[in-house]
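Dropping target.json in here (JSON, C-alpha atoms):
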```json
[["chain", "number", "residue", "atom", "x", "y", "z"],
["A", 1, "MET", "CA", 89.34, 84.80, 75.44],
["A", 2, "ARG", "CA", 90.84, 87.29, 77.89],
["A", 3, "PHE", "CA", 88.53, 88.74, 80.51],
["A", 4, "GLY", "CA", 85.35, 87.16, 79.15],
["A", 5, "ARG", "CA", 82.26, 86.08, 81.04],
["A", 6, "GLY", "CA", 82.69, 83.04, 83.25],
["A", 7, "ILE", "CA", 85.76, 82.06, 85.25],
["A", 8, "PRO", "CA", 88.66, 81.67, 82.82],
["A", 9, "LEU", "CA", 91.10, 78.79, 83.06],
["A", 10, "VAL", "CA", 93.99, 81.16, 83.73],
["A", 11, "ALA", "CA", 92.22, 82.41, 86.84],
["A", 12, "LEU", "CA", 92.41, 78.92, 88.29],
["A", 13, "LEU", "CA", 96.14, 78.73, 87.67],
["A", 14, "VAL", "CA", 97.42, 82.03, 89.03],
["A", 15, "ALA", "CA", 97.67, 83.43, 92.52],
["A", 16, "ALA", "CA", 94.87, 85.49, 93.99],
["A", 17, "ILE", "CA", 96.00, 88.68, 95.64],
["A", 18, "VAL", "CA", 94.14, 90.65, 98.26],
["A", 19, "CYS", "CA", 95.72, 93.60, 100.09],
["A", 20, "THR", "CA", 94.01, 94.56, 103.31],
["A", 21, "ALA", "CA", 93.77, 98.24, 104.08],
["A", 22, "CYS", "CA", 95.22, 99.64, 107.29],
["A", 23, "GLY", "CA", 96.34, 97.77, 110.37],
["A", 24, "GLY", "CA", 99.82, 97.14, 108.95],
["A", 25, "GLU", "CA", 98.84, 93.85, 107.30],
["A", 26, "SER", "CA", 100.79, 92.72, 104.27],
["A", 27, "ALA", "CA", 99.33, 91.35, 101.05],
["A", 28, "ALA", "CA", 98.03, 87.79, 101.21],
["A", 29, "VAL", "CA", 99.09, 85.72, 98.22],
["A", 30, "GLY", "CA", 97.97, 82.17, 97.60],
["A", 31, "GLN", "CA", 95.73, 79.73, 95.78],
["A", 32, "GLY", "CA", 92.05, 79.39, 96.54],
["A", 33, "THR", "CA", 89.80, 81.86, 98.29],
["A", 34, "PRO", "CA", 91.67, 84.65, 100.12],
["A", 35, "PRO", "CA", 90.37, 86.52, 103.16],
["A", 36, "VAL", "CA", 87.78, 89.20, 102.44],
["A", 37, "PRO", "CA", 89.14, 92.66, 103.30],
["A", 38, "VAL", "CA", 87.30, 94.82, 105.80],
["A", 39, "GLY", "CA", 86.83, 98.49, 105.02],
["A", 40, "PRO", "CA", 88.36, 101.05, 107.38],
["A", 41, "GLY", "CA", 85.48, 103.53, 107.15],
["A", 42, "GLU", "CA", 86.86, 105.84, 104.46],
["A", 43, "GLY", "CA", 88.43, 103.08, 102.43],
["A", 44, "ILE", "CA", 88.86, 102.65, 98.70],
["A", 45, "LEU", "CA", 88.17, 99.09, 97.55],
["A", 46, "PHE", "CA", 89.68, 98.01, 94.22],
["A", 47, "ILE", "CA", 88.03, 95.15, 92.37],
["A", 48, "GLY", "CA", 89.92, 93.92, 89.34],
["A", 49, "ASN", "CA", 92.60, 91.63, 87.99],
["A", 50, "SER", "CA", 96.34, 91.70, 87.28],
["A", 51, "LEU", "CA", 96.14, 95.23, 85.85],
["A", 52, "THR", "CA", 95.26, 96.29, 89.40],
["A", 53, "TYR", "CA", 97.55, 94.05, 91.41],
["A", 54, "GLN", "CA", 100.58, 94.44, 89.13],
["A", 55, "ASN", "CA", 103.03, 96.67, 91.05],
["A", 56, "ASP", "CA", 100.43, 96.76, 93.86],
["A", 57, "LEU", "CA", 98.50, 99.73, 92.50],
["A", 58, "PRO", "CA", 96.23, 100.03, 95.58],
["A", 59, "GLY", "CA", 99.32, 100.15, 97.79],
["A", 60, "MET", "CA", 100.79, 102.80, 95.50],
["A", 61, "VAL", "CA", 97.58, 104.83, 95.69],
["A", 62, "GLU", "CA", 97.53, 104.74, 99.49],
["A", 63, "GLY", "CA", 101.25, 105.51, 99.77],
["A", 64, "LEU", "CA", 101.21, 108.30, 97.20],
["A", 65, "ALA", "CA", 98.18, 109.89, 98.84],
["A", 66, "GLU", "CA", 99.88, 109.74, 102.24],
["A", 67, "ALA", "CA", 103.07, 111.28, 100.83],
["A", 68, "ALA", "CA", 100.93, 114.07, 99.34],
["A", 69, "GLY", "CA", 99.27, 114.77, 102.70],
["A", 70, "GLN", "CA", 96.03, 112.95, 101.90],
["A", 71, "LYS", "CA", 94.37, 109.81, 103.25],
["A", 72, "LEU", "CA", 93.16, 107.01, 100.96],
["A", 73, "PRO", "CA", 93.27, 103.71, 102.87],
["A", 74, "SER", "CA", 93.01, 101.10, 100.13],
["A", 75, "ALA", "CA", 92.31, 97.41, 99.70],
["A", 76, "GLN", "CA", 91.87, 95.08, 96.76],
["A", 77, "VAL", "CA", 90.12, 91.94, 95.64],
["A", 78, "ALA", "CA", 91.96, 91.00, 92.46],
["A", 79, "PHE", "CA", 92.40, 87.71, 90.63],
["A", 80, "GLY", "CA", 94.44, 87.18, 87.48],
["A", 81, "GLY", "CA", 92.33, 87.14, 84.32],
["A", 82, "TYR", "CA", 89.07, 88.05, 86.05],
["A", 83, "SER", "CA", 86.27, 90.06, 84.51],
["A", 84, "LEU", "CA", 83.61, 91.75, 86.61],
["A", 85, "ALA", "CA", 81.31, 88.84, 85.78],
["A", 86, "ASP", "CA", 83.85, 86.44, 87.27],
["A", 87, "HIS", "CA", 83.92, 88.51, 90.46],
["A", 88, "LEU", "CA", 80.13, 88.48, 90.63],
["A", 89, "GLN", "CA", 80.19, 84.70, 90.37],
["A", 90, "GLN", "CA", 83.14, 84.05, 92.71],
["A", 91, "GLY", "CA", 81.75, 86.25, 95.45],
["A", 92, "ASP", "CA", 84.67, 87.66, 97.46],
["A", 93, "ALA", "CA", 84.22, 91.12, 95.98],
["A", 94, "LEU", "CA", 80.52, 91.15, 96.87],
["A", 95, "ARG", "CA", 81.27, 90.00, 100.40],
["A", 96, "ALA", "CA", 83.89, 92.74, 100.77],
["A", 97, "ILE", "CA", 81.42, 95.37, 99.57],
["A", 98, "ALA", "CA", 78.68, 94.12, 101.88],
["A", 99, "ARG", "CA", 80.91, 94.33, 104.96],
["A", 100, "GLY", "CA", 81.01, 98.08, 104.37],
["A", 101, "GLY", "CA", 83.40, 100.77, 105.42],
["A", 102, "TRP", "CA", 84.07, 101.97, 101.85],
["A", 103, "ARG", "CA", 83.76, 105.43, 100.40],
["A", 104, "VAL", "CA", 84.52, 104.38, 96.82],
["A", 105, "VAL", "CA", 84.65, 100.99, 95.09],
["A", 106, "VAL", "CA", 86.88, 101.04, 91.99],
["A", 107, "LEU", "CA", 85.92, 98.58, 89.23],
["A", 108, "GLN", "CA", 88.40, 97.36, 86.59],
["A", 109, "GLN", "CA", 88.50, 94.59, 84.01],
["A", 110, "GLY", "CA", 90.32, 94.15, 80.69],
["A", 111, "PRO", "CA", 90.40, 96.84, 77.98],
["A", 112, "SER", "CA", 86.82, 95.90, 76.95],
["A", 113, "GLY", "CA", 86.94, 98.00, 73.80],
["A", 114, "GLN", "CA", 85.17, 95.50, 71.55],
["A", 115, "PRO", "CA", 81.38, 95.64, 71.24],
["A", 116, "ASP", "CA", 80.59, 92.42, 73.11],
["A", 117, "SER", "CA", 83.05, 93.21, 75.91],
["A", 118, "ARG", "CA", 81.61, 96.72, 76.19],
["A", 119, "VAL", "CA", 78.13, 95.32, 76.75],
["A", 120, "LEU", "CA", 79.39, 92.99, 79.48],
["A", 121, "LEU", "CA", 81.35, 95.76, 81.19],
["A", 122, "ARG", "CA", 78.32, 98.04, 81.25],
["A", 123, "ASP", "CA", 75.90, 95.34, 82.40],
["A", 124, "ASP", "CA", 78.18, 94.09, 85.16],
["A", 125, "THR", "CA", 78.95, 97.63, 86.32],
["A", 126, "VAL", "CA", 75.21, 98.13, 86.85],
["A", 127, "ALA", "CA", 75.03, 94.89, 88.84],
["A", 128, "PHE", "CA", 77.94, 95.96, 91.03],
["A", 129, "ASP", "CA", 76.60, 99.49, 91.47],
["A", 130, "GLU", "CA", 73.43, 98.17, 93.10],
["A", 131, "ARG", "CA", 75.52, 96.43, 95.77],
["A", 132, "ILE", "CA", 77.90, 99.37, 96.14],
["A", 133, "ARG", "CA", 75.10, 101.89, 96.66],
["A", 134, "ALA", "CA", 73.44, 99.57, 99.17],
["A", 135, "ALA", "CA", 76.69, 99.60, 101.16],
["A", 136, "GLY", "CA", 76.76, 103.42, 101.18],
["A", 137, "ALA", "CA", 79.66, 103.81, 98.75],
["A", 138, "ARG", "CA", 80.14, 105.20, 95.24],
["A", 139, "THR", "CA", 81.19, 103.33, 92.12],
["A", 140, "ALA", "CA", 84.29, 104.39, 90.19],
["A", 141, "LEU", "CA", 85.53, 103.07, 86.84],
["A", 142, "PHE", "CA", 89.30, 102.65, 86.41],
["A", 143, "SER", "CA", 89.66, 103.20, 82.64],
["A", 144, "VAL", "CA", 92.66, 101.06, 81.71],
["A", 145, "TRP", "CA", 94.93, 101.32, 78.67],
["A", 146, "ALA", "CA", 94.65, 99.32, 75.45],
["A", 147, "ASP", "CA", 96.69, 96.16, 74.96],
["A", 148, "SER", "CA", 99.60, 97.06, 72.67],
["A", 149, "HIS", "CA", 98.80, 93.92, 70.66],
["A", 150, "GLY", "CA", 95.18, 94.97, 70.03],
["A", 151, "PRO", "CA", 92.47, 94.51, 69.04],
["A", 152, "SER", "CA", 91.05, 97.57, 70.83],
["A", 153, "SER", "CA", 92.34, 101.12, 70.51],
["A", 154, "PHE", "CA", 92.74, 103.64, 73.33],
["A", 155, "PRO", "CA", 89.63, 105.60, 72.20],
["A", 156, "GLN", "CA", 87.56, 102.39, 72.12],
["A", 157, "VAL", "CA", 88.62, 101.51, 75.66],
["A", 158, "ARG", "CA", 87.91, 105.05, 76.82],
["A", 159, "ASP", "CA", 84.41, 104.91, 75.34],
["A", 160, "SER", "CA", 83.64, 101.59, 77.06],
["A", 161, "TYR", "CA", 84.68, 102.75, 80.51],
["A", 162, "SER", "CA", 83.22, 106.24, 80.23],
["A", 163, "LEU", "CA", 79.87, 104.78, 79.16],
["A", 164, "ALA", "CA", 79.93, 102.34, 82.07],
["A", 165, "ALA", "CA", 80.62, 105.19, 84.49],
["A", 166, "ALA", "CA", 77.85, 107.31, 82.98],
["A", 167, "ASP", "CA", 75.36, 104.43, 83.23],
["A", 168, "VAL", "CA", 75.57, 104.48, 87.02],
["A", 169, "GLY", "CA", 76.44, 108.13, 87.65],
["A", 170, "GLY", "CA", 79.84, 106.92, 88.78],
["A", 171, "ILE", "CA", 83.28, 108.44, 89.13],
["A", 172, "TYR", "CA", 85.39, 108.20, 85.97],
["A", 173, "LEU", "CA", 89.13, 107.69, 86.50],
["A", 174, "PRO", "CA", 90.77, 108.61, 83.15],
["A", 175, "VAL", "CA", 93.95, 106.55, 83.36],
["A", 176, "ASN", "CA", 93.55, 105.61, 79.68],
["A", 177, "GLU", "CA", 93.65, 109.26, 78.69],
["A", 178, "ALA", "CA", 96.61, 109.98, 80.96],
["A", 179, "TRP", "CA", 98.66, 107.29, 79.20],
["A", 180, "SER", "CA", 97.84, 108.88, 75.83],
["A", 181, "ALA", "CA", 98.66, 112.36, 77.16],
["A", 182, "ALA", "CA", 102.00, 111.13, 78.53],
["A", 183, "TRP", "CA", 103.04, 109.74, 75.15],
["A", 184, "GLN", "CA", 102.09, 113.00, 73.49],
["A", 185, "LEU", "CA", 104.60, 114.67, 75.79],
["A", 186, "GLN", "CA", 107.30, 112.00, 75.40],
["A", 187, "THR", "CA", 106.83, 109.01, 73.13],
["A", 188, "SER", "CA", 109.58, 106.95, 74.75],
["A", 189, "LEU", "CA", 108.03, 106.72, 78.21],
["A", 190, "PRO", "CA", 108.05, 103.03, 79.27],
["A", 191, "LEU", "CA", 104.47, 102.65, 80.46],
["A", 192, "TYR", "CA", 104.04, 99.02, 79.38],
["A", 193, "GLY", "CA", 105.89, 96.16, 81.02],
["A", 194, "PRO", "CA", 107.79, 93.56, 78.96],
["A", 195, "ASP", "CA", 104.63, 91.79, 77.76],
["A", 196, "GLY", "CA", 103.14, 94.93, 76.18],
["A", 197, "PHE", "CA", 99.98, 94.61, 78.24],
["A", 198, "HIS", "CA", 100.67, 94.87, 81.96],
["A", 199, "PRO", "CA", 101.99, 98.19, 83.27],
["A", 200, "SER", "CA", 105.55, 99.00, 84.16],
["A", 201, "GLU", "CA", 106.08, 100.68, 87.52],
["A", 202, "GLU", "CA", 105.89, 104.03, 85.68],
["A", 203, "GLY", "CA", 102.58, 102.97, 84.13],
["A", 204, "SER", "CA", 101.17, 102.09, 87.54],
["A", 205, "TYR", "CA", 102.56, 105.34, 88.99],
["A", 206, "LEU", "CA", 100.67, 107.27, 86.31],
["A", 207, "ALA", "CA", 97.49, 105.37, 87.20],
["A", 208, "ALA", "CA", 98.03, 106.18, 90.89],
["A", 209, "LEU", "CA", 98.52, 109.87, 90.08],
["A", 210, "VAL", "CA", 95.17, 109.95, 88.30],
["A", 211, "ILE", "CA", 93.33, 108.06, 91.02],
["A", 212, "VAL", "CA", 94.74, 110.15, 93.86],
["A", 213, "GLY", "CA", 94.17, 113.32, 91.82],
["A", 214, "VAL", "CA", 90.49, 112.50, 91.29],
["A", 215, "LEU", "CA", 89.69, 111.13, 94.74],
["A", 216, "THR", "CA", 91.46, 113.82, 96.78],
["A", 217, "PRO", "CA", 91.87, 117.63, 96.46],
["A", 218, "ALA", "CA", 95.59, 117.24, 95.67],
["A", 219, "SER", "CA", 96.90, 118.01, 92.19],
["A", 220, "PRO", "CA", 99.11, 115.36, 90.55],
["A", 221, "GLN", "CA", 101.59, 118.11, 89.70],
["A", 222, "GLY", "CA", 104.22, 118.19, 92.39],
["A", 223, "MET", "CA", 103.30, 114.84, 93.94],
["A", 224, "PRO", "CA", 106.31, 112.84, 95.17],
["A", 225, "ALA", "CA", 108.26, 110.65, 92.75],
["A", 226, "THR", "CA", 109.63, 108.54, 95.60],
["A", 227, "PHE", "CA", 107.37, 107.16, 98.33],
["A", 228, "ALA", "CA", 106.50, 103.94, 100.16],
["A", 229, "ARG", "CA", 103.63, 101.67, 99.23],
["A", 230, "ARG", "CA", 101.20, 101.12, 102.08],
["A", 231, "PRO", "CA", 100.88, 99.10, 104.15],
["A", 232, "VAL", "CA", 103.83, 96.95, 103.01],
["A", 233, "GLY", "CA", 106.36, 99.81, 102.83],
["A", 234, "SER", "CA", 108.26, 98.85, 99.67],
["A", 235, "VAL", "CA", 109.62, 101.93, 97.92],
["A", 236, "VAL", "CA", 108.45, 103.33, 94.59],
["A", 237, "SER", "CA", 111.06, 105.53, 92.92],
["A", 238, "ILE", "CA", 110.39, 107.13, 89.54],
["A", 239, "PRO", "CA", 113.12, 109.12, 87.74],
["A", 240, "ALA", "CA", 112.46, 112.81, 88.39],
["A", 241, "ALA", "CA", 112.29, 113.82, 84.72],
["A", 242, "ASP", "CA", 109.78, 111.08, 83.89],
["A", 243, "ALA", "CA", 107.76, 111.77, 87.04],
["A", 244, "SER", "CA", 107.33, 115.41, 86.06],
["A", 245, "ILE", "CA", 105.96, 114.43, 82.64],
["A", 246, "LEU", "CA", 103.65, 111.81, 84.16],
["A", 247, "GLN", "CA", 102.33, 114.33, 86.67],
["A", 248, "ASP", "CA", 101.55, 116.80, 83.87],
["A", 249, "ALA", "CA", 99.84, 114.06, 81.86],
["A", 250, "ALA", "CA", 97.70, 113.03, 84.84],
["A", 251, "ALA", "CA", 96.68, 116.64, 85.47],
["A", 252, "THR", "CA", 95.77, 117.11, 81.80],
["A", 253, "ALA", "CA", 93.62, 113.97, 81.72],
["A", 254, "ILE", "CA", 91.84, 114.84, 84.96],
["A", 255, "ALA", "CA", 91.06, 118.37, 83.75],
["A", 256, "ALA", "CA", 89.67, 117.10, 80.45],
["A", 257, "TYR", "CA", 87.99, 113.80, 81.28],
["A", 258, "ALA", "CA", 87.53, 113.09, 84.99],
["A", 259, "ARG", "CA", 84.00, 112.82, 86.28],
["A", 260, "ARG", "CA", 83.61, 112.96, 90.04]]
```

Could the structure of this file be written out as structure tokens, please?
Amino acid sequence: MRFGRGIPLVALLVAAIVCTACGGESAAVGQGTPPVPVGPGEGILFIGNSLTYQNDLPGMVEGLAEAAGQKLPSAQVAFGGYSLADHLQQGDALRAIARGGWRVVVLQQGPSGQPDSRVLLRDDTVAFDERIRAAGARTALFSVWADSHGPSSFPQVRDSYSLAAADVGGIYLPVNEAWSAAWQLQTSLPLYGPDGFHPSEEGSYLAALVIVGVLTPASPQGMPATFARRPVGSVVSIPAADASILQDAAATAIAAYARR
């Protein structure tokens, strides 16, 4: 079962990825336990799985914010297939939180739209929030999209993540709603990658627009379509016509659903 409680077999077979924020360090990729990132004081720590590390979303967030004249130094603790329960058990995420230096800790797991997964998401968000508050930071929920193969729908996923955010008085990052809004504007936008579950670069760009738009004063509308991920410097380049639609979709979702 994907993203269930307990460490899944797939998590033992894939690489763990942790991007350290600031200092010009590149992502560390390897088997076993990676280094625990240290917060830079105003940092954003992402805790999640491959939906976060695909296309290096935290690096996109930091780079997009910088290109928009904002500052969001970002880091991640992300393992393929992990749920929040797996992170609680494995411990790197908790150690990263405890070392401090974070303004916001962003939590993400699978779609979690089914009733049992919703319960786990909400319970584990509460467990994380206790640690996050103790470290002087705020909890944010990165509401992901539904798997194109099911079983959950976009509204079911939205409900799970919005409830989890409300449980802890956390920040709600409506990426799920932005994907839906983008398809209402143009149904052919390629937000999924080839497997129909992980995001394409455009899908991750849309997520970054939402996150930067919620966590900074900048509006997604008019944000750059070409910029460098930070700290690694690889370039993100979204076709201008698509970028304009994605920016509008992010702005619509933030106006309607974001909770700061």

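Between A:Arg230 and the candidates A:Pro155, A:Gly91, A:Pro58, A:Gly63, the tightest atom-to-atom separation, counting only C-alpha atoms, involves A:Gly63.
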
- Message: What's the separation between atom CA of A:Ala75 and atom CA of A:Phe227, in Å to one decimal place?
- Response: 18.0 Å

Non-local contacts of stretch 142-152 of chain A (8 Å; only C-alpha atoms; under 3 positions in same chain excluded) as a PDB file with C-alpha atoms, keeping the file's coordinate frame:
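Dumped everything to selection.pdb:
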```pdb
ATOM      1  CA  LEU A  51      96.140  95.230  85.850  1.00  0.00           C
ATOM      2  CA  VAL A 106      86.880 101.040  91.990  1.00  0.00           C
ATOM      3  CA  LEU A 107      85.920  98.580  89.230  1.00  0.00           C
ATOM      4  CA  GLN A 108      88.400  97.360  86.590  1.00  0.00           C
ATOM      5  CA  GLY A 110      90.320  94.150  80.690  1.00  0.00           C
ATOM      6  CA  PRO A 111      90.400  96.840  77.980  1.00  0.00           C
ATOM      7  CA  SER A 112      86.820  95.900  76.950  1.00  0.00           C
ATOM      8  CA  GLY A 113      86.940  98.000  73.800  1.00  0.00           C
ATOM      9  CA  GLN A 114      85.170  95.500  71.550  1.00  0.00           C
ATOM     10  CA  GLN A 156      87.560 102.390  72.120  1.00  0.00           C
ATOM     11  CA  VAL A 157      88.620 101.510  75.660  1.00  0.00           C
ATOM     12  CA  ARG A 158      87.910 105.050  76.820  1.00  0.00           C
ATOM     13  CA  TYR A 161      84.680 102.750  80.510  1.00  0.00           C
ATOM     14  CA  SER A 162      83.220 106.240  80.230  1.00  0.00           C
ATOM     15  CA  TYR A 172      85.390 108.200  85.970  1.00  0.00           C
ATOM     16  CA  LEU A 173      89.130 107.690  86.500  1.00  0.00           C
ATOM     17  CA  PRO A 174      90.770 108.610  83.150  1.00  0.00           C
ATOM     18  CA  VAL A 175      93.950 106.550  83.360  1.00  0.00           C
ATOM     19  CA  ASN A 176      93.550 105.610  79.680  1.00  0.00           C
ATOM     20  CA  TRP A 179      98.660 107.290  79.200  1.00  0.00           C
ATOM     21  CA  GLY A 196     103.140  94.930  76.180  1.00  0.00           C
ATOM     22  CA  PHE A 197      99.980  94.610  78.240  1.00  0.00           C
TER      23      PHE A 197
END
```

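Between atom CA of A:Val119 and atom CA of A:Ala250 the separation is 27.6 Å.
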
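Using all atoms listed in the file, the protein and nucleic acid residues lying no more than 10 Å from A:Pro73, apart from those fewer than 2 places from it along its own chain, are Thr20, Ala21, Cys22, Gly39, Pro40, Gly41, Glu42, Gly43, Ile44, Leu45, Pro58, Gly59, Val61, Glu62, Gly63, Ala65, Glu66, Gln70, Lys71, Ala75, Trp102, Arg103, Arg230 and Pro231 of chain A.
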
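With distances taken over all atoms listed in the file, A:Leu246 is the one residue among A:Ala256, A:Leu246, A:Leu72, A:Ala127 lying closest to A:Leu209.
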
- Interatomic distance between atom CA of A:Ala178 and atom CA of A:Val126? 25.2 Å

- Query: From the set A:Ser74, A:Ser180, A:Gln186, A:Gln54, which residue has the shortest atom-to-atom contact distance to A:Ser153, counting all atoms listed in the file?
  - Reply: A:Ser180
